[in-house]
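Dropping start23.cif in here (mmCIF, C-alpha atoms and all ligand atoms):
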data_work
#
loop_
_atom_site.label_atom_id
_atom_site.label_comp_id
_atom_site.auth_asym_id
_atom_site.auth_seq_id
_atom_site.Cartn_x
_atom_site.Cartn_y
_atom_site.Cartn_z
CA MET V 1194 53.71 -6.45 7.76
CA LYS V 1195 56.60 -6.61 10.25
CA VAL V 1196 56.63 -4.15 13.15
CA LEU V 1197 59.57 -3.64 15.50
CA VAL V 1198 58.70 -2.49 19.02
CA ILE V 1199 61.35 -0.70 21.04
CA ASN V 1200 61.41 0.24 24.72
CA CYS V 1201 64.48 2.29 25.63
CA GLY V 1202 65.57 2.69 29.24
CA SER V 1203 68.59 4.55 30.62
CA SER V 1204 71.00 1.66 30.10
CA SER V 1205 68.78 -0.94 28.48
CA LEU V 1206 66.78 -1.54 25.33
CA LYS V 1207 64.03 -4.14 25.02
CA TYR V 1208 62.68 -5.13 21.62
CA GLN V 1209 60.13 -7.41 19.97
CA LEU V 1210 59.58 -8.02 16.29
CA PHE V 1211 55.96 -8.79 15.36
CA ASP V 1212 54.48 -10.30 12.25
CA MET V 1213 51.18 -8.41 12.19
CA GLU V 1214 49.54 -10.96 9.85
CA ASN V 1215 49.10 -13.21 12.88
CA GLU V 1216 50.36 -10.96 15.72
CA GLN V 1217 53.12 -13.46 16.45
CA VAL V 1218 56.44 -12.49 18.03
CA MET V 1219 59.14 -13.44 15.52
CA ALA V 1220 62.07 -12.40 17.71
CA LYS V 1221 62.66 -10.54 20.94
CA GLY V 1222 65.52 -9.51 23.11
CA LEU V 1223 67.22 -7.23 25.51
CA VAL V 1224 70.33 -5.08 25.42
CA GLU V 1225 71.67 -4.44 28.90
CA ARG V 1226 74.36 -2.24 30.41
CA ILE V 1227 74.50 0.22 27.51
CA GLY V 1228 77.41 2.59 28.15
CA ILE V 1229 78.56 0.48 31.11
CA LEU V 1230 81.27 -2.18 31.34
CA GLY V 1231 79.93 -5.66 30.61
CA SER V 1232 77.24 -4.78 28.07
CA VAL V 1233 75.35 -7.69 26.58
CA LEU V 1234 72.69 -8.45 23.97
CA THR V 1235 70.36 -11.38 24.48
CA HIS V 1236 68.38 -12.27 21.36
CA GLN V 1237 65.73 -14.95 21.06
CA ALA V 1238 63.91 -16.25 18.00
CA GLY V 1239 61.76 -19.30 18.71
CA ASP V 1240 64.06 -21.76 20.45
CA LYS V 1241 67.21 -20.13 19.04
CA LYS V 1242 69.00 -17.90 21.53
CA LYS V 1243 72.09 -15.77 21.06
CA ILE V 1244 73.97 -13.95 23.79
CA ARG V 1245 76.58 -11.42 22.62
CA GLU V 1246 78.89 -9.85 25.14
CA ILE V 1247 80.17 -6.85 23.24
CA LYS V 1248 81.08 -3.22 23.91
CA ILE V 1249 77.89 -1.15 23.50
CA PRO V 1250 78.81 2.47 24.21
CA ASN V 1251 75.47 4.05 23.26
CA HIS V 1252 71.88 3.42 22.15
CA GLU V 1253 72.76 3.82 18.48
CA LYS V 1254 75.17 0.90 18.74
CA ALA V 1255 72.49 -1.03 20.64
CA VAL V 1256 69.93 -0.47 17.86
CA SER V 1257 72.46 -1.45 15.18
CA LEU V 1258 73.24 -4.70 17.05
CA VAL V 1259 69.53 -5.46 17.34
CA MET V 1260 69.23 -5.01 13.59
CA GLU V 1261 72.24 -7.26 12.97
CA ALA V 1262 70.68 -9.93 15.18
CA ILE V 1263 67.34 -9.71 13.35
CA ILE V 1264 68.97 -10.37 9.95
CA ASP V 1265 71.70 -12.75 11.13
CA PRO V 1266 71.77 -15.79 8.79
CA GLU V 1267 72.04 -18.19 11.74
CA TYR V 1268 69.69 -16.88 14.43
CA GLY V 1269 67.93 -14.00 12.65
CA VAL V 1270 64.39 -14.03 11.24
CA LEU V 1271 64.47 -11.58 8.32
CA LYS V 1272 66.55 -11.46 5.14
CA SER V 1273 66.84 -7.69 5.17
CA MET V 1274 65.89 -4.75 7.38
CA ASP V 1275 63.83 -3.47 4.43
CA GLU V 1276 61.18 -5.95 5.55
CA ILE V 1277 60.49 -3.83 8.65
CA ALA V 1278 57.50 -1.68 7.74
CA ALA V 1279 57.32 0.39 10.92
CA ILE V 1280 58.79 0.90 14.37
CA GLY V 1281 56.74 1.52 17.52
CA HIS V 1282 58.34 3.16 20.55
CA ARG V 1283 57.21 3.14 24.14
CA VAL V 1284 57.52 6.73 25.34
CA LEU V 1285 56.86 7.72 28.93
CA HIS V 1286 55.51 11.24 29.07
CA ALA V 1287 53.51 13.30 26.60
CA GLY V 1288 52.21 15.73 29.21
CA GLU V 1289 48.82 16.95 27.96
CA ASP V 1290 49.92 16.94 24.33
CA TYR V 1291 48.70 13.50 23.19
CA SER V 1292 45.83 11.31 24.26
CA ASP V 1293 46.56 8.70 21.58
CA SER V 1294 49.52 7.11 19.87
CA VAL V 1295 50.97 9.25 17.07
CA LEU V 1296 53.15 9.05 14.00
CA MET V 1297 56.56 10.57 14.64
CA SER V 1298 57.04 14.12 13.41
CA ALA V 1299 59.06 17.19 14.34
CA ASP V 1300 56.14 18.35 16.54
CA VAL V 1301 56.01 15.02 18.38
CA MET V 1302 59.76 15.17 19.03
CA LYS V 1303 59.34 18.72 20.30
CA SER V 1304 56.66 17.54 22.71
CA ILE V 1305 58.77 14.65 24.04
CA ARG V 1306 61.65 17.10 24.58
CA LYS V 1307 59.39 19.64 26.26
CA ASN V 1308 58.09 16.97 28.62
CA ILE V 1309 61.56 15.89 29.78
CA GLU V 1310 60.98 17.95 32.91
CA LEU V 1311 57.97 15.74 33.73
CA GLY V 1312 59.72 12.47 32.79
CA PRO V 1313 63.43 13.15 33.36
CA LEU V 1314 64.37 9.50 33.87
CA HIS V 1315 62.74 8.17 30.71
CA ASN V 1316 62.00 10.77 28.01
CA PRO V 1317 65.69 11.49 27.21
CA HIS V 1318 66.35 7.77 26.57
CA ASN V 1319 63.18 7.42 24.53
CA ILE V 1320 64.44 10.28 22.34
CA THR V 1321 67.83 8.60 21.96
CA GLY V 1322 66.16 5.38 20.78
CA ILE V 1323 63.95 7.20 18.29
CA GLU V 1324 66.88 9.15 16.86
CA ALA V 1325 69.04 6.04 16.59
CA CYS V 1326 66.27 4.26 14.64
CA ARG V 1327 65.82 7.29 12.38
CA ARG V 1328 69.51 7.33 11.52
CA LEU V 1329 69.77 3.58 10.97
CA LEU V 1330 66.44 3.03 9.22
CA PRO V 1331 65.72 6.32 7.46
CA GLY V 1332 62.32 6.42 5.82
CA VAL V 1333 60.77 3.73 8.05
CA PRO V 1334 57.74 5.29 9.80
CA GLN V 1335 58.00 5.47 13.59
CA VAL V 1336 55.10 5.66 16.01
CA CYS V 1337 55.13 6.85 19.64
CA VAL V 1338 52.93 5.11 22.18
CA PHE V 1339 52.80 7.10 25.40
CA ASP V 1340 52.42 5.70 28.91
CA THR V 1341 50.38 8.74 29.87
CA ALA V 1342 48.03 8.85 26.85
CA PHE V 1343 45.26 6.52 28.09
CA HIS V 1344 44.78 8.58 31.25
CA GLN V 1345 44.18 11.87 29.43
CA THR V 1346 40.42 11.28 29.68
CA MET V 1347 40.46 11.83 33.47
CA PRO V 1348 38.09 14.67 34.40
CA PRO V 1349 39.57 17.79 36.08
CA GLU V 1350 38.24 16.86 39.52
CA ALA V 1351 40.19 13.59 39.33
CA CYS V 1352 43.45 14.93 37.94
CA LEU V 1353 43.93 18.34 39.56
CA TYR V 1354 45.60 18.69 42.95
CA GLY V 1355 44.40 20.90 45.77
CA ILE V 1356 47.00 23.59 45.12
CA PRO V 1357 46.51 27.05 43.55
CA TYR V 1358 45.24 26.70 39.98
CA GLU V 1359 47.98 28.96 38.63
CA TYR V 1360 50.57 26.21 39.29
CA TYR V 1361 48.63 23.96 36.95
CA GLN V 1362 48.56 26.78 34.39
CA LYS V 1363 52.20 27.74 34.90
CA TYR V 1364 53.87 24.34 35.31
CA LYS V 1365 51.17 21.84 34.27
CA ILE V 1366 51.25 20.28 37.72
CA ARG V 1367 48.48 17.67 37.75
CA LYS V 1368 47.96 13.92 37.87
CA TYR V 1369 48.98 12.24 34.58
CA GLY V 1370 49.08 8.52 35.40
CA PHE V 1371 51.31 5.84 33.88
CA HIS V 1372 51.19 2.19 32.72
CA GLY V 1373 48.47 3.49 30.35
CA THR V 1374 49.22 0.99 27.60
CA SER V 1375 48.84 -1.87 30.08
CA HIS V 1376 45.59 -0.57 31.59
CA ARG V 1377 44.19 -0.03 28.09
CA PHE V 1378 45.19 -3.54 26.99
CA VAL V 1379 43.79 -5.44 29.97
CA SER V 1380 40.60 -3.38 30.30
CA ALA V 1381 39.74 -4.01 26.63
CA ARG V 1382 40.67 -7.69 26.95
CA ALA V 1383 38.45 -8.06 30.05
CA ALA V 1384 35.43 -6.79 28.11
CA GLN V 1385 36.29 -9.18 25.28
CA LEU V 1386 36.71 -12.19 27.60
CA LEU V 1387 33.40 -11.45 29.34
CA GLY V 1388 31.61 -10.93 26.03
CA ARG V 1389 30.77 -7.33 26.92
CA ALA V 1390 30.67 -4.24 24.76
CA VAL V 1391 33.14 -1.61 25.93
CA GLU V 1392 30.26 0.89 26.22
CA GLY V 1393 28.72 0.62 29.67
CA PHE V 1394 31.48 -1.71 30.93
CA LYS V 1395 33.03 -0.68 34.27
CA VAL V 1396 36.35 -2.22 35.20
CA ILE V 1397 39.11 -1.65 37.74
CA THR V 1398 42.53 -2.72 36.48
CA CYS V 1399 45.28 -3.48 39.00
CA HIS V 1400 48.75 -3.42 37.42
CA LEU V 1401 50.82 -4.85 40.28
CA GLY V 1402 54.52 -5.28 39.59
CA ASN V 1403 57.66 -3.60 40.72
CA GLY V 1404 55.88 -0.38 39.76
CA SER V 1405 52.17 -0.61 40.57
CA SER V 1406 49.08 1.37 39.66
CA ILE V 1407 45.30 0.97 39.49
CA ALA V 1408 42.92 2.52 36.97
CA ALA V 1409 39.15 2.99 37.00
CA VAL V 1410 37.86 2.51 33.45
CA LYS V 1411 34.34 3.21 32.14
CA ASP V 1412 33.19 2.96 28.51
CA GLY V 1413 36.81 2.13 27.58
CA GLN V 1414 38.07 5.42 29.04
CA CYS V 1415 40.15 6.04 32.12
CA VAL V 1416 38.31 8.08 34.75
CA ASP V 1417 40.93 7.90 37.50
CA THR V 1418 44.28 6.30 38.24
CA THR V 1419 46.60 6.08 41.22
CA MET V 1420 49.89 7.41 39.82
CA GLY V 1421 50.23 11.17 39.57
CA LEU V 1422 52.53 13.87 38.25
CA THR V 1423 55.16 11.14 38.43
CA PRO V 1424 54.91 7.40 39.10
CA LEU V 1425 55.57 8.02 42.81
CA GLU V 1426 51.95 8.64 43.82
CA GLY V 1427 49.37 6.04 44.74
CA LEU V 1428 50.11 2.48 45.81
CA MET V 1429 53.13 1.54 47.84
CA MET V 1430 55.46 -0.22 45.37
CA GLY V 1431 58.70 -2.21 45.21
CA THR V 1432 60.86 0.79 46.11
CA ARG V 1433 58.45 3.77 45.86
CA SER V 1434 56.63 5.06 48.93
CA GLY V 1435 53.33 5.81 47.18
CA ASP V 1436 50.92 8.22 48.91
CA LEU V 1437 52.15 10.06 51.98
CA ASP V 1438 51.72 13.37 53.73
CA PRO V 1439 54.02 15.80 51.82
CA THR V 1440 55.29 16.97 55.20
CA VAL V 1441 57.12 13.64 55.53
CA VAL V 1442 59.32 14.83 52.66
CA THR V 1443 60.17 18.25 54.10
CA PHE V 1444 60.56 16.80 57.62
CA LEU V 1445 63.11 14.23 56.45
CA MET V 1446 64.90 16.73 54.22
CA LYS V 1447 65.43 18.97 57.24
CA LYS V 1448 66.40 16.16 59.61
CA GLU V 1449 68.73 14.36 57.20
CA GLY V 1450 70.03 17.45 55.39
CA TRP V 1451 68.96 16.09 51.98
CA SER V 1452 68.89 18.02 48.73
CA CYS V 1453 65.79 17.80 46.47
CA ASP V 1454 67.54 15.19 44.32
CA GLU V 1455 68.48 13.12 47.36
CA ALA V 1456 64.92 13.24 48.64
CA ASN V 1457 63.59 12.28 45.20
CA ASP V 1458 65.98 9.36 45.04
CA PHE V 1459 65.00 8.22 48.55
CA PHE V 1460 61.24 8.20 47.98
CA ASN V 1461 61.59 6.53 44.58
CA LYS V 1462 64.30 3.97 45.30
CA LYS V 1463 64.57 3.20 48.99
CA CYS V 1464 60.99 3.09 50.23
CA GLY V 1465 57.99 0.91 49.43
CA VAL V 1466 58.04 -2.76 50.40
CA LEU V 1467 61.86 -2.65 50.33
CA GLY V 1468 62.02 0.07 52.97
CA LEU V 1469 59.21 -1.28 55.12
CA SER V 1470 60.33 -4.91 55.10
CA GLY V 1471 64.09 -4.30 55.04
CA VAL V 1472 64.21 -7.55 53.02
CA SER V 1473 63.90 -6.82 49.31
CA SER V 1474 61.89 -4.97 46.68
CA ASP V 1475 60.96 -8.30 45.12
CA PHE V 1476 57.65 -9.69 46.34
CA ARG V 1477 58.91 -13.26 45.96
CA ASP V 1478 61.61 -12.59 48.57
CA ILE V 1479 59.12 -10.86 50.84
CA GLU V 1480 56.61 -13.71 50.57
CA ALA V 1481 59.41 -16.19 51.35
CA ALA V 1482 60.58 -14.14 54.37
CA THR V 1483 56.97 -13.87 55.61
CA ALA V 1484 56.62 -17.65 55.40
CA LYS V 1485 59.71 -17.92 57.63
CA GLY V 1486 58.11 -15.66 60.23
CA ASN V 1487 59.71 -12.27 59.38
CA LYS V 1488 57.28 -9.77 60.90
CA ARG V 1489 58.36 -6.74 58.90
CA ALA V 1490 58.06 -8.71 55.66
CA LYS V 1491 54.49 -9.59 56.68
CA LEU V 1492 53.81 -5.94 57.51
CA ALA V 1493 54.98 -4.92 54.01
CA LEU V 1494 52.62 -7.45 52.38
CA ASP V 1495 49.76 -6.46 54.69
CA ARG V 1496 50.19 -2.76 53.91
CA PHE V 1497 50.55 -3.38 50.16
CA ALA V 1498 47.30 -5.38 50.09
CA TYR V 1499 45.57 -2.83 52.35
CA VAL V 1500 46.34 0.11 50.05
CA VAL V 1501 45.25 -1.81 46.93
CA LYS V 1502 42.00 -2.77 48.67
CA LYS V 1503 41.41 0.84 49.73
CA TYR V 1504 41.76 2.10 46.15
CA ILE V 1505 39.47 -0.66 44.82
CA GLY V 1506 36.82 0.58 47.27
CA ALA V 1507 37.43 4.19 46.23
CA TYR V 1508 37.17 3.37 42.54
CA ILE V 1509 33.96 1.39 43.00
CA ALA V 1510 32.55 4.62 44.45
CA VAL V 1511 34.00 6.67 41.57
CA LEU V 1512 32.47 4.30 38.98
CA ASN V 1513 29.21 3.86 40.92
CA GLY V 1514 29.68 0.08 40.83
CA VAL V 1515 31.96 -2.23 38.91
CA ASP V 1516 31.57 -5.19 36.55
CA ALA V 1517 35.08 -6.59 36.70
CA LEU V 1518 38.34 -6.44 38.57
CA VAL V 1519 41.54 -7.33 36.70
CA PHE V 1520 44.93 -8.35 38.08
CA THR V 1521 47.96 -7.98 35.85
CA ALA V 1522 51.80 -7.52 35.78
CA GLY V 1523 54.44 -9.57 37.67
CA LEU V 1524 52.75 -9.75 41.05
CA GLY V 1525 49.14 -9.50 39.87
CA GLU V 1526 49.57 -12.30 37.33
CA ASN V 1527 51.64 -14.62 39.50
CA SER V 1528 50.79 -14.27 43.16
CA ALA V 1529 47.59 -16.13 44.05
CA SER V 1530 48.15 -15.34 47.72
CA MET V 1531 48.35 -11.56 47.10
CA ARG V 1532 45.19 -11.63 44.95
CA GLU V 1533 43.39 -13.55 47.70
CA LYS V 1534 44.65 -11.18 50.39
CA ILE V 1535 43.47 -8.12 48.44
CA CYS V 1536 40.03 -9.59 47.75
CA GLN V 1537 39.48 -10.86 51.28
CA ASP V 1538 36.40 -9.33 52.94
CA LEU V 1539 35.29 -7.48 49.83
CA ASP V 1540 32.12 -9.56 49.53
CA TYR V 1541 30.06 -6.55 50.70
CA LEU V 1542 31.21 -4.89 47.44
CA GLY V 1543 30.35 -7.98 45.38
CA ILE V 1544 33.89 -9.34 45.04
CA LYS V 1545 34.51 -12.96 45.97
CA ILE V 1546 37.45 -15.05 44.82
CA ASP V 1547 37.27 -18.83 44.31
CA PRO V 1548 40.47 -20.12 45.99
CA GLU V 1549 40.66 -23.12 43.64
CA LYS V 1550 40.20 -21.13 40.43
CA ASN V 1551 42.66 -18.58 41.80
CA LYS V 1552 45.48 -21.15 41.73
CA VAL V 1553 46.79 -19.83 38.42
CA ARG V 1554 49.97 -18.13 37.38
CA GLY V 1555 50.71 -16.02 34.32
CA GLN V 1556 47.67 -17.02 32.29
CA GLU V 1557 44.24 -15.64 31.51
CA ALA V 1558 41.67 -16.91 34.00
CA LEU V 1559 38.38 -16.06 35.64
CA VAL V 1560 39.14 -16.49 39.33
CA SER V 1561 35.96 -15.20 40.98
CA ALA V 1562 33.43 -17.48 42.62
CA GLU V 1563 30.39 -18.46 40.55
CA ALA V 1564 28.16 -16.27 42.74
CA SER V 1565 30.45 -13.24 42.76
CA PRO V 1566 28.57 -10.31 41.15
CA VAL V 1567 31.90 -8.74 40.19
CA LYS V 1568 34.02 -10.89 37.87
CA VAL V 1569 37.67 -11.15 38.94
CA LEU V 1570 40.14 -11.88 36.14
CA VAL V 1571 43.84 -12.52 35.76
CA ILE V 1572 45.02 -11.14 32.42
CA PRO V 1573 48.72 -11.10 31.51
CA THR V 1574 49.50 -7.68 30.18
CA ASN V 1575 51.08 -7.26 26.76
CA GLU V 1576 52.21 -3.69 26.26
CA GLU V 1577 54.45 -4.64 23.34
CA LEU V 1578 51.54 -6.14 21.39
CA MET V 1579 49.45 -3.03 22.09
CA ILE V 1580 52.30 -0.84 20.80
CA ALA V 1581 52.64 -3.04 17.70
CA ARG V 1582 48.86 -2.84 17.06
CA ASP V 1583 48.81 0.96 17.39
CA THR V 1584 51.86 1.24 15.11
CA TYR V 1585 50.29 -1.04 12.52
CA GLU V 1586 46.96 0.84 12.56
CA ILE V 1587 48.53 4.29 12.31
CA VAL V 1588 50.84 3.28 9.48
CA GLN V 1589 48.00 1.56 7.60
CA GLU V 1590 45.81 4.68 7.95
CA LYS V 1591 48.55 6.88 6.51
CA LYS V 1592 48.99 4.66 3.43
P1 LIG S 1601 56.94 -6.45 36.77
O1 LIG S 1601 57.39 -5.11 37.24
O2 LIG S 1601 55.57 -6.47 36.19
O3 LIG S 1601 57.96 -7.15 35.91
O4 LIG S 1601 56.82 -7.34 38.10
C1 LIG S 1601 57.96 -7.69 38.81
C2 LIG S 1601 57.58 -8.10 40.21
O5 LIG S 1601 56.57 -9.13 40.18
C3 LIG S 1601 58.75 -8.72 40.93
O6 LIG S 1601 59.49 -7.75 41.58
C4 LIG S 1601 58.09 -9.65 41.89
O7 LIG S 1601 57.97 -8.95 43.10
C5 LIG S 1601 56.73 -9.93 41.35
N1 LIG S 1601 56.57 -11.36 41.01
C6 LIG S 1601 56.90 -11.98 39.86
N2 LIG S 1601 56.62 -13.31 39.95
C7 LIG S 1601 56.10 -13.51 41.17
C8 LIG S 1601 55.61 -14.66 41.87
N3 LIG S 1601 55.61 -15.87 41.31
N4 LIG S 1601 55.15 -14.48 43.12
C9 LIG S 1601 55.17 -13.27 43.70
N5 LIG S 1601 55.61 -12.16 43.09
C10 LIG S 1601 56.08 -12.27 41.86
#

I need this file expressed as structure tokens, please.
Ligand code: AMP
Amino acid sequence: MKVLVINCGSSSLKYQLFDMENEQVMAKGLVERIGILGSVLTHQAGDKKKIREIKIPNHEKAVSLVMEAIIDPEYGVLKSMDEIAAIGHRVLHAGEDYSDSVLMSADVMKSIRKNIELGPLHNPHNITGIEACRRLLPGVPQVCVFDTAFHQTMPPEACLYGIPYEYYQKYKIRKYGFHGTSHRFVSARAAQLLGRAVEGFKVITCHLGNGSSIAAVKDGQCVDTTMGLTPLEGLMMGTRSGDLDPTVVTFLMKKEGWSCDEANDFFNKKCGVLGLSGVSSDFRDIEAATAKGNKRAKLALDRFAYVVKKYIGAYIAVLNGVDALVFTAGLGENSASMREKICQDLDYLGIKIDPEKNKVRGQEALVSAEASPVKVLVIPTNEELMIARDTYEIVQEKK
């Protein structure tokens, strides 16, 4: 069974085609600059690569080009689109409507539309992608895999804010959490790698990339996570501030004369390690600047590691102990120095890294010291595979 996974952004579309017999990626690619001058499709199938610079005015055109690429006689991998049995979509926000992946229906579309106000930057594009697929591949089942779904198991004391309850009732203001597909994938994989049953297994998963979040997972269920109503809460990130006193927002709005949209833009796009270092939002640039003696770059790395460490401590308390700590995503998978910095002086909590074993990049590895009671793992995340698995399972069940 062939499953196509689609992740639609505002001006981009990422895709992967899986053969679910062996869970292998048959082809993958990226459409960039949709609706903008200079749009381009990059398609890869094994060692064959095709780059097409072509006008792509909208997502429908993008999806049709992806389909052309998949069946192209020269660099494609299928004879006909009829071979695609199902399509899985990454969708950002389901509010409180779904705690699992679901088969597309009118009700699901209604929910994604309703939740645009909670995910204004993503849900509209997710809808566009779904509708484009429906028009181009009518009759092929589509499945939605939500970024928020995994976190729906958080208890009320973890996900409600200290504001009057009627605002939760009226506007559904609460913590939702994101990167759920990634936290679900790596937490399950950690149990598997350590030969543990999911029941009774306590794990803290650190998804550290441009966007970063941590989740506390017990018995395979999320009990707390750092992101909130939106992805702005929690850790300091590439360009997001993370946690701060809400007065900082109103203070700066008054001083700088910002509108709500301007303030939103500022705290999402101009803060984090970019704002603090003044160097870049990319941790590679900040690590390089730190090595050259840039003090603000060092401060950004120090604060990033400090906040991650603080949440690890908090989540060990929430879980009443922990069996494993997982690092994933761009920074978590690749930066040995950041992992070491975060885990420094956590031996009181049973976490001790082995500096030699920690010298890994982008591959599964156990990096804790032999004597460390808590196992520390690097596990590359694979949200696309998780989406393909969910899609496959749901479509099989419906047969
Ligand atoms: P992601 O959002 O998961 O794609 O992660 C992207 C981020 O990972 C980049 O912005 C980098 O800051 C970081 N990253 C990727 N590779 C490395 C590396 N080798 N060393 C340090 N940071 C890295």

Checklist entry - In Å to one decimal, how far is CA of Lys1195 in chain V from CA of Leu1210 in chain V? => result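 Taking CA of Leu1210 in chain V and CA of Lys1195 in chain V, their separation equals 6.9 Å.
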
Next on the checklist: Let me see if you get this right: every residue at most 8 Å from ligand LIG 1601 (chain S), counting only C-alpha atoms and all ligand atoms, written as a count of residues only.
Outcome noted: 24

Would you kindly return, as an mmCIF file with C-alpha atoms, in the coordinates of the input, each protein, DNA or RNA residue with an atom no farther than 7 Å from any atom of range 1306-1315 of chain V, considering only C-alpha atoms and excluding same-chain residues fewer than 2 positions away?
data_model
loop_
_atom_site.group_PDB
_atom_site.id
_atom_site.type_symbol
_atom_site.label_atom_id
_atom_site.label_comp_id
_atom_site.auth_asym_id
_atom_site.auth_seq_id
_atom_site.Cartn_x
_atom_site.Cartn_y
_atom_site.Cartn_z
ATOM 1 C CA GLY V 1202 65.570 2.690 29.240
ATOM 2 C CA SER V 1203 68.590 4.550 30.620
ATOM 3 C CA LEU V 1285 56.860 7.720 28.930
ATOM 4 C CA HIS V 1286 55.510 11.240 29.070
ATOM 5 C CA ALA V 1287 53.510 13.300 26.600
ATOM 6 C CA GLY V 1288 52.210 15.730 29.210
ATOM 7 C CA MET V 1302 59.760 15.170 19.030
ATOM 8 C CA LYS V 1303 59.340 18.720 20.300
ATOM 9 C CA SER V 1304 56.660 17.540 22.710
ATOM 10 C CA PRO V 1317 65.690 11.490 27.210
ATOM 11 C CA HIS V 1318 66.350 7.770 26.570
ATOM 12 C CA ASN V 1319 63.180 7.420 24.530
#

Checklist entry - Using only C-alpha atoms, which of the listed residues (V:Glu1549, V:Thr1443, V:Leu1425, V:Val1396) sits closest to Val1567 in chain V? => result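 Distance minimum relative to Val1567 in chain V lands on V:Val1396.
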
Item to check | Residues within 12 Å of (38.7, -10.0, 26.6), counting all atoms listed in the file, listed as a ChimeraX atom specification | outcome: /V:1377-1391,1394,1396,1517,1519,1557-1559,1570-1574

Item to check | d(CA of Leu1329 in chain V, CA of Val1224 in chain V) in Å | outcome: 16.9 Å

Checklist entry - Contacts of range 1490-1506 of chain V at 10 Å or less, counting all atoms listed in the file, minus same-chain residues fewer than 2 places along, as a ChimeraX atom specification? => result /V:1397-1399,1401,1405-1409,1418-1419,1427-1431,1435-1436,1465-1473,1476,1478-1488,1508-1511,1514-1515,1518,1531-1539,1542

Item to check | CA of Gly1269 in chain V to CA of Pro1334 in chain V, straight-line distance in Å | outcome: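 For CA of Pro1334 in chain V relative to CA of Gly1269 in chain V, the distance reads 22.0 Å.
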
Next on the checklist: Quick one: residues within 7 Å of Leu1234 in chain V, all atoms listed in the file, excluding same-chain residues fewer than 5 positions away - as a PyMOL selection string?
Outcome noted: chain V and resi 1223-1225+1244-1246

Next on the checklist: Quick one: residues within 12 Å of Ala1262 in chain V, all atoms listed in the file, excluding same-chain residues fewer than 3 positions away - as a VMD selection string?
Outcome noted: chain V and resid 1208 to 1210 1220 to 1224 1234 to 1238 1241 to 1245 1255 to 1259 1265 to 1274

Item to check | Who sits within 8 Å of Ile1366 in chain V, all atoms listed in the file, same chain under 6 positions skipped, as a VMD selection string | outcome: chain V and resid 1353 to 1354 1360 1422

Go ahead and dump the residues you just picked, C-alpha atoms, as a compact mmCIF listing (two decimals), in the frame of the given file.
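part-v8.txt written:
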# COMPACT_ATOMS: atom_id res chain seq x y z
CA LEU V 1353 43.93 18.34 39.56
CA TYR V 1354 45.60 18.69 42.95
CA TYR V 1360 50.57 26.21 39.29
CA LEU V 1422 52.53 13.87 38.25

Item to check | Among the residues V:Pro1349, V:Pro1331, V:Gly1413, V:Pro1548, the one that comes closest to Glu1563 in chain V [using all atoms listed in the file] | outcome: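 Answer, going by the shortest atom-to-atom distance: V:Pro1548.
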
Listed atoms of range 1485-1489 of chain V boxed along x, y and z, 5 Å each side, centre and edge lengths in Å, one decimal, as AutoDock Vina command-line options:
--center_x 58.5 --center_y -12.3 --center_z 59.3 --size_x 12.4 --size_y 21.2 --size_z 13.3

Item to check | Protein/DNA/RNA residues near (54.9, -4.6, 22.5), cut 10 Å, only C-alpha atoms, as a ChimeraX atom specification | outcome: /V:1196-1200,1207-1211,1218,1221,1281-1283,1338,1374,1574-1584
